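Remarks on the structure that follows.
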Amino acid sequence: MYLLNGESKHCIEFLDRGFQYGDGLFETIEVIDGTPVFLDQHLQRLDLGCKKLLIPTPDLSILKQEAFQLAKDSDHAVLKLIVTRGSGGRGYRQPDKIHPTRLFSLHPYPTYPEELITQGINVFFCNTQLGISPSLAGIKHLNRLEQVLARAEWSCPDIHEGLMVNYDNHVVEGTMSNVFIVKDDCLYTPEITQSGVRGVLRDIIIELAKELKIPVIETVLSKDDIYKADELFITNSIIGIWPVKQLVEQTYNVGLITSKLQTLFLQFKKQTLDSL
Ligand SMILES: Cc1ncc(COP(=O)(O)O)c(C=O)c1O
């Protein structure tokens, strides 16, 4: 199911700059019982991305209404929102008048075995590195070729995610997730200043950890820091929190802090949904 600028058609103009240049942003949102989960947080990041890319943010109340309209009959699904700068402009130059395109699409929720949440996943370090690009770090723009190349590095179904470093050899994130480690009862996550996406889940987990009085440090992390972690987990809006049980030859337990955050996160998600 699709909603393109409010209408149920799915033909994008070939001059659309999202298609021509990746000139836009996207959000991937879980839907539960007809409700897009953490929609406000997703729209807030979209708004921030629009401001950074100088795209006029589409009316957020219209986006909200369209999100609910498309999600309303789904028990569990994935809602994707793409906003582009629209069509026009010669070459890279923006058109004088920008009419952003907004496209919602609804997809089946992927089925993941429960044990990925309870027992953890297997990850490895991808060879593909992330560029250093401070002006784009944080936002979820449409240019995802590094992730596409990284994801092409494995096909074995027993590997669930690839971790990525940037050209400074700092660990930044997974191909589709943010990364956290626990070391000596503190929670660490890579700062997202040079590369990477500032995940909606990442921000929520940081706030929940603070509620649990767990010190949270956003910093530069090396591969060695990851190997030496007491606990390692990844997050995104669709999977929630997946503990890591194996990184190549290094094994991890699903530790106490990861489990506490998983429990608190599920409570927080339920409360958020109940309050709508
Ligand atoms: C490259 C990348 N980093 C991080 C994330 C996590 O973002 P979020 O928590 O908003 O889902 C994603 C999600 O798709 C991603 O693609």
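Chain labels follow the order of the structure tokens: the first chain is A, the next B, and so on; residue numbering restarts at 1 in every chain, and ligands are counted from 1 in their shown order.
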
Please provide as a ChimeraX atom specification all residues within 6 Å of Leu81 of chain A, with the sequence filter that same-chain residues fewer than 6 positions apart are discarded (counting only C-alpha atoms).
/A:26-27,103-104

Using only C-alpha atoms and all ligand atoms, find each protein or nucleic acid residue lying at most 9 Å from ligand 1; present the set as a PyMOL selection string.
chain A and resi 27-29+41-42+45+138+140+144+146-147+172-179+196-204+234-240

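For segment 48-176 of chain A, backbone-based DSSP assignment of alpha helix (DSSP H) covers Leu48, Gly49, Cys50, Lys51, Lys52, Leu53, Leu60, Ser61, Ile62, Leu63, Lys64, Gln65, Glu66, Ala67, Phe68, Gln69, Leu70, Ala71, Glu115, Leu116, Ile117, Thr118, Leu145, Glu146, Gln147, Val148, Leu149, Ala150 and Arg151 of chain A.
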
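When only C-alpha atoms are used to measure the gap to Phe68 of chain A, the shortest distance among A:Leu276, A:Val171, A:Cys186, A:Ala150 belongs to A:Leu276.
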
Neighbours of Lys210 of chain A within 12 Å (only C-alpha atoms; same-chain residues fewer than 4 positions away dropped), as number ranges by chain?
A: 186-187, 203-206, 214-217, 257, 261, 264

Pick the closest to Pro108 of chain A from A:Trp154, A:Lys64, A:Met1, A:Asp168: which is it, counting only C-alpha atoms?
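Using only C-alpha atoms, Pro108 of chain A sits closest to A:Met1.
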
Within 7 Å of segment 245-247 of chain A, counting only C-alpha atoms, which residues show up once you throw out same-chain ones fewer than 2 positions away? Write them as a count of residues only, please.
12

In segment 10-203 of chain A, what's strand (DSSP E) per DSSP? Answer as a PyMOL selection string?
chain A and resi 24-32+35-36+76-84+101-108+121-125+161-165+171-174+178-183+186-190

Please dump the current selection as a short mmCIF file (atom, residue, chain, number, x, y, z; two decimals), in the first residue's frame; keep N, CA and C atoms.
data_model
loop_
_atom_site.label_atom_id
_atom_site.label_comp_id
_atom_site.auth_asym_id
_atom_site.auth_seq_id
_atom_site.Cartn_x
_atom_site.Cartn_y
_atom_site.Cartn_z
N GLY A 24 17.09 13.51 -0.44
CA GLY A 24 15.95 13.39 0.46
C GLY A 24 16.28 12.57 1.68
N LEU A 25 15.25 12.18 2.38
CA LEU A 25 15.38 11.53 3.69
C LEU A 25 14.37 10.40 3.80
N PHE A 26 14.59 9.50 4.76
CA PHE A 26 13.55 8.50 5.00
C PHE A 26 13.49 8.11 6.46
N GLU A 27 12.37 7.49 6.80
CA GLU A 27 12.14 6.97 8.15
C GLU A 27 11.54 5.58 8.00
N THR A 28 11.90 4.68 8.88
CA THR A 28 11.33 3.33 8.89
C THR A 28 10.71 3.13 10.26
N ILE A 29 9.41 2.88 10.27
CA ILE A 29 8.63 2.99 11.51
C ILE A 29 7.86 1.70 11.75
N GLU A 30 7.92 1.17 12.97
CA GLU A 30 7.12 -0.02 13.30
C GLU A 30 5.65 0.38 13.47
N VAL A 31 4.76 -0.49 13.01
CA VAL A 31 3.33 -0.25 13.24
C VAL A 31 2.79 -1.38 14.12
N ILE A 32 2.13 -1.02 15.21
CA ILE A 32 1.49 -2.03 16.07
C ILE A 32 0.03 -1.64 16.25
N THR A 35 -1.07 1.63 14.93
CA THR A 35 -0.40 2.85 15.40
C THR A 35 1.08 2.85 15.01
N PRO A 36 1.53 3.90 14.34
CA PRO A 36 2.97 4.02 14.06
C PRO A 36 3.70 4.34 15.36
N HIS A 76 0.60 -5.55 12.64
CA HIS A 76 2.05 -5.41 12.81
C HIS A 76 2.66 -5.23 11.43
N ALA A 77 3.34 -4.12 11.21
CA ALA A 77 3.86 -3.83 9.88
C ALA A 77 5.03 -2.86 9.99
N VAL A 78 5.60 -2.57 8.84
CA VAL A 78 6.66 -1.56 8.76
C VAL A 78 6.18 -0.46 7.83
N LEU A 79 6.21 0.75 8.34
CA LEU A 79 5.77 1.91 7.55
C LEU A 79 7.02 2.69 7.15
N LYS A 80 7.17 2.92 5.85
CA LYS A 80 8.34 3.68 5.40
C LYS A 80 7.87 5.02 4.87
N LEU A 81 8.55 6.06 5.28
CA LEU A 81 8.25 7.41 4.79
C LEU A 81 9.49 7.94 4.09
N ILE A 82 9.29 8.40 2.86
CA ILE A 82 10.38 9.05 2.12
C ILE A 82 9.96 10.48 1.83
N VAL A 83 10.83 11.43 2.11
CA VAL A 83 10.58 12.82 1.72
C VAL A 83 11.74 13.26 0.84
N THR A 84 11.42 13.74 -0.36
CA THR A 84 12.50 14.23 -1.23
C THR A 84 12.29 15.72 -1.53
N THR A 101 8.38 15.93 -2.25
CA THR A 101 7.57 14.73 -2.46
C THR A 101 7.49 13.99 -1.14
N ARG A 102 6.32 13.47 -0.79
CA ARG A 102 6.22 12.61 0.40
C ARG A 102 5.58 11.29 -0.01
N LEU A 103 6.24 10.22 0.36
CA LEU A 103 5.76 8.89 -0.04
C LEU A 103 5.75 7.97 1.18
N PHE A 104 4.55 7.47 1.51
CA PHE A 104 4.42 6.45 2.55
C PHE A 104 4.21 5.11 1.87
N SER A 105 4.87 4.07 2.39
CA SER A 105 4.56 2.71 1.92
C SER A 105 4.50 1.79 3.13
N LEU A 106 3.64 0.79 3.02
CA LEU A 106 3.43 -0.13 4.14
C LEU A 106 3.92 -1.52 3.72
N HIS A 107 4.68 -2.16 4.61
CA HIS A 107 5.31 -3.45 4.29
C HIS A 107 5.04 -4.44 5.41
N PRO A 108 5.09 -5.75 5.09
CA PRO A 108 4.91 -6.74 6.16
C PRO A 108 6.05 -6.62 7.18
N ILE A 121 22.60 -12.38 18.82
CA ILE A 121 22.87 -12.54 17.38
C ILE A 121 24.37 -12.67 17.13
N ASN A 122 24.70 -13.03 15.89
CA ASN A 122 26.11 -13.11 15.46
C ASN A 122 26.40 -11.92 14.54
N VAL A 123 27.52 -11.27 14.77
CA VAL A 123 27.89 -10.13 13.92
C VAL A 123 29.35 -10.27 13.50
N PHE A 124 29.72 -9.46 12.53
CA PHE A 124 31.14 -9.40 12.13
C PHE A 124 31.44 -7.97 11.71
N PHE A 125 32.72 -7.66 11.49
CA PHE A 125 33.08 -6.32 11.01
C PHE A 125 33.13 -6.32 9.48
N GLU A 161 24.04 -9.19 11.47
CA GLU A 161 24.36 -7.77 11.25
C GLU A 161 25.86 -7.63 11.03
N GLY A 162 26.24 -6.59 10.30
CA GLY A 162 27.65 -6.26 10.10
C GLY A 162 27.93 -4.93 10.77
N LEU A 163 29.01 -4.88 11.53
CA LEU A 163 29.40 -3.61 12.16
C LEU A 163 30.32 -2.85 11.21
N MET A 164 30.25 -1.52 11.27
CA MET A 164 31.01 -0.71 10.32
C MET A 164 31.90 0.30 11.03
N VAL A 165 33.13 0.45 10.50
CA VAL A 165 34.01 1.52 10.99
C VAL A 165 34.06 2.59 9.91
N VAL A 171 34.54 2.74 15.25
CA VAL A 171 33.30 1.98 15.06
C VAL A 171 32.15 2.98 15.12
N VAL A 172 31.26 2.93 14.13
CA VAL A 172 30.18 3.93 14.06
C VAL A 172 28.81 3.31 14.34
N GLU A 173 28.52 2.18 13.66
CA GLU A 173 27.17 1.60 13.75
C GLU A 173 27.17 0.27 13.03
N GLY A 174 25.99 -0.36 12.97
CA GLY A 174 25.82 -1.53 12.13
C GLY A 174 25.28 -1.07 10.78
N ASN A 178 22.24 0.94 15.39
CA ASN A 178 23.26 1.59 16.22
C ASN A 178 23.84 0.56 17.19
N VAL A 179 24.99 0.89 17.72
CA VAL A 179 25.77 -0.07 18.52
C VAL A 179 25.98 0.48 19.93
N PHE A 180 25.83 -0.39 20.91
CA PHE A 180 26.12 -0.04 22.31
C PHE A 180 27.02 -1.11 22.91
N ILE A 181 27.90 -0.69 23.82
CA ILE A 181 28.62 -1.67 24.63
C ILE A 181 28.45 -1.32 26.10
N VAL A 182 28.60 -2.34 26.93
CA VAL A 182 28.66 -2.12 28.37
C VAL A 182 30.06 -2.49 28.80
N LYS A 183 30.69 -1.59 29.57
CA LYS A 183 32.01 -1.88 30.11
C LYS A 183 32.05 -1.33 31.53
N CYS A 186 29.17 0.80 32.78
CA CYS A 186 28.80 2.03 32.04
C CYS A 186 28.36 1.63 30.63
N LEU A 187 27.47 2.45 30.07
CA LEU A 187 27.00 2.20 28.71
C LEU A 187 27.73 3.17 27.76
N TYR A 188 28.31 2.63 26.71
CA TYR A 188 29.03 3.45 25.73
C TYR A 188 28.37 3.27 24.37
N THR A 189 28.31 4.33 23.62
CA THR A 189 27.85 4.23 22.23
C THR A 189 28.65 5.21 21.38
N PRO A 190 28.94 4.84 20.12
CA PRO A 190 29.72 5.77 19.29
C PRO A 190 29.04 7.12 19.15
#

Please list as a ChimeraX atom specification every residue within 10 Å of Gly91 of chain A, counting only C-alpha atoms and excluding residues in the same chain fewer than 6 positions away.
/A:17,20-21

Nearby residues (only C-alpha atoms) at most 9 Å from Leu48 of chain A, same-chain spacing under 5 positions excluded, as a VMD selection string
chain A and resid 43 53 57 139

To one decimal place, how far is atom CA of Ile192 of chain A from atom CA of Glu218 of chain A in Å?
8.3 Å

If you count only C-alpha atoms, which residues fall within 8 Å of Gly88 of chain A, apart from same-chain ones fewer than 2 positions away, as a PyMOL selection string?
chain A and resi 15-17+86+90+94-95

Using all heavy atoms, can you export the residues from the last selection as a CSV table (one decimal), in the first residue's frame?
chain,number,residue,atom,x,y,z
A,15,LEU,N,12.0,12.8,-12.8
A,15,LEU,CA,12.9,14.0,-12.5
A,15,LEU,C,12.9,14.3,-11.0
A,15,LEU,O,13.6,15.2,-10.6
A,15,LEU,CB,12.3,15.3,-13.2
A,15,LEU,CG,12.6,15.3,-14.7
A,15,LEU,CD1,12.0,16.5,-15.4
A,15,LEU,CD2,14.1,15.3,-15.0
A,16,ASP,N,12.2,13.4,-10.2
A,16,ASP,CA,12.3,13.6,-8.8
A,16,ASP,C,13.7,13.5,-8.3
A,16,ASP,O,14.5,12.6,-8.7
A,16,ASP,CB,11.4,12.5,-8.1
A,16,ASP,CG,11.2,12.9,-6.6
A,16,ASP,OD1,12.2,12.8,-5.8
A,16,ASP,OD2,10.1,13.3,-6.3
A,17,ARG,N,14.1,14.5,-7.5
A,17,ARG,CA,15.6,14.5,-7.1
A,17,ARG,C,15.9,13.4,-6.1
A,17,ARG,O,17.1,13.1,-5.9
A,17,ARG,CB,15.9,15.9,-6.5
A,17,ARG,CG,15.7,17.0,-7.5
A,17,ARG,CD,15.8,18.4,-6.9
A,17,ARG,NE,17.2,18.6,-6.3
A,17,ARG,CZ,18.2,19.2,-7.0
A,17,ARG,NH1,18.0,19.7,-8.2
A,17,ARG,NH2,19.3,19.4,-6.4
A,86,GLY,N,11.6,16.8,-4.2
A,86,GLY,CA,10.7,17.0,-5.3
A,86,GLY,C,11.4,17.1,-6.6
A,86,GLY,O,12.6,16.8,-6.7
A,90,ARG,N,18.2,22.5,-12.5
A,90,ARG,CA,19.1,22.0,-13.5
A,90,ARG,C,20.3,21.5,-12.8
A,90,ARG,O,20.9,22.2,-12.1
A,90,ARG,CB,19.5,23.1,-14.5
A,90,ARG,CG,20.2,22.6,-15.8
A,90,ARG,CD,20.7,23.8,-16.6
A,90,ARG,NE,21.7,24.6,-15.8
A,90,ARG,CZ,23.0,24.2,-15.5
A,90,ARG,NH1,23.4,23.0,-16.0
A,90,ARG,NH2,23.8,24.9,-14.9
A,94,GLN,N,19.3,23.6,-6.9
A,94,GLN,CA,17.9,23.4,-6.4
A,94,GLN,C,16.9,24.3,-7.3
A,94,GLN,O,17.3,25.4,-7.7
A,94,GLN,CB,17.7,23.8,-5.0
A,94,GLN,CG,18.6,23.2,-4.0
A,94,GLN,CD,18.3,23.7,-2.6
A,94,GLN,OE1,17.2,23.9,-2.3
A,94,GLN,NE2,19.3,23.8,-1.8
A,95,PRO,N,15.7,23.8,-7.4
A,95,PRO,CA,14.7,24.7,-8.1
A,95,PRO,C,14.4,25.9,-7.2
A,95,PRO,O,14.6,25.8,-5.9
A,95,PRO,CB,13.5,23.8,-8.2
A,95,PRO,CG,13.7,22.7,-7.3
A,95,PRO,CD,15.1,22.5,-7.1

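Counting only C-alpha atoms and comparing A:Glu114, A:Tyr227, A:Asp33, A:Leu60, the residue that lies closest to Asp73 of chain A is A:Asp33.
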
For atom CA of Gln262 of chain A and atom CA of Gly34 of chain A, quote the distance in Å rounded to one decimal.
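It comes out at 23.0 Å.
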
Closest of A:Glu191, A:Asp23, A:Ala67, A:Phe38 to Gln271 of chain A - atom-to-atom distances counting only C-alpha atoms:
A:Phe38
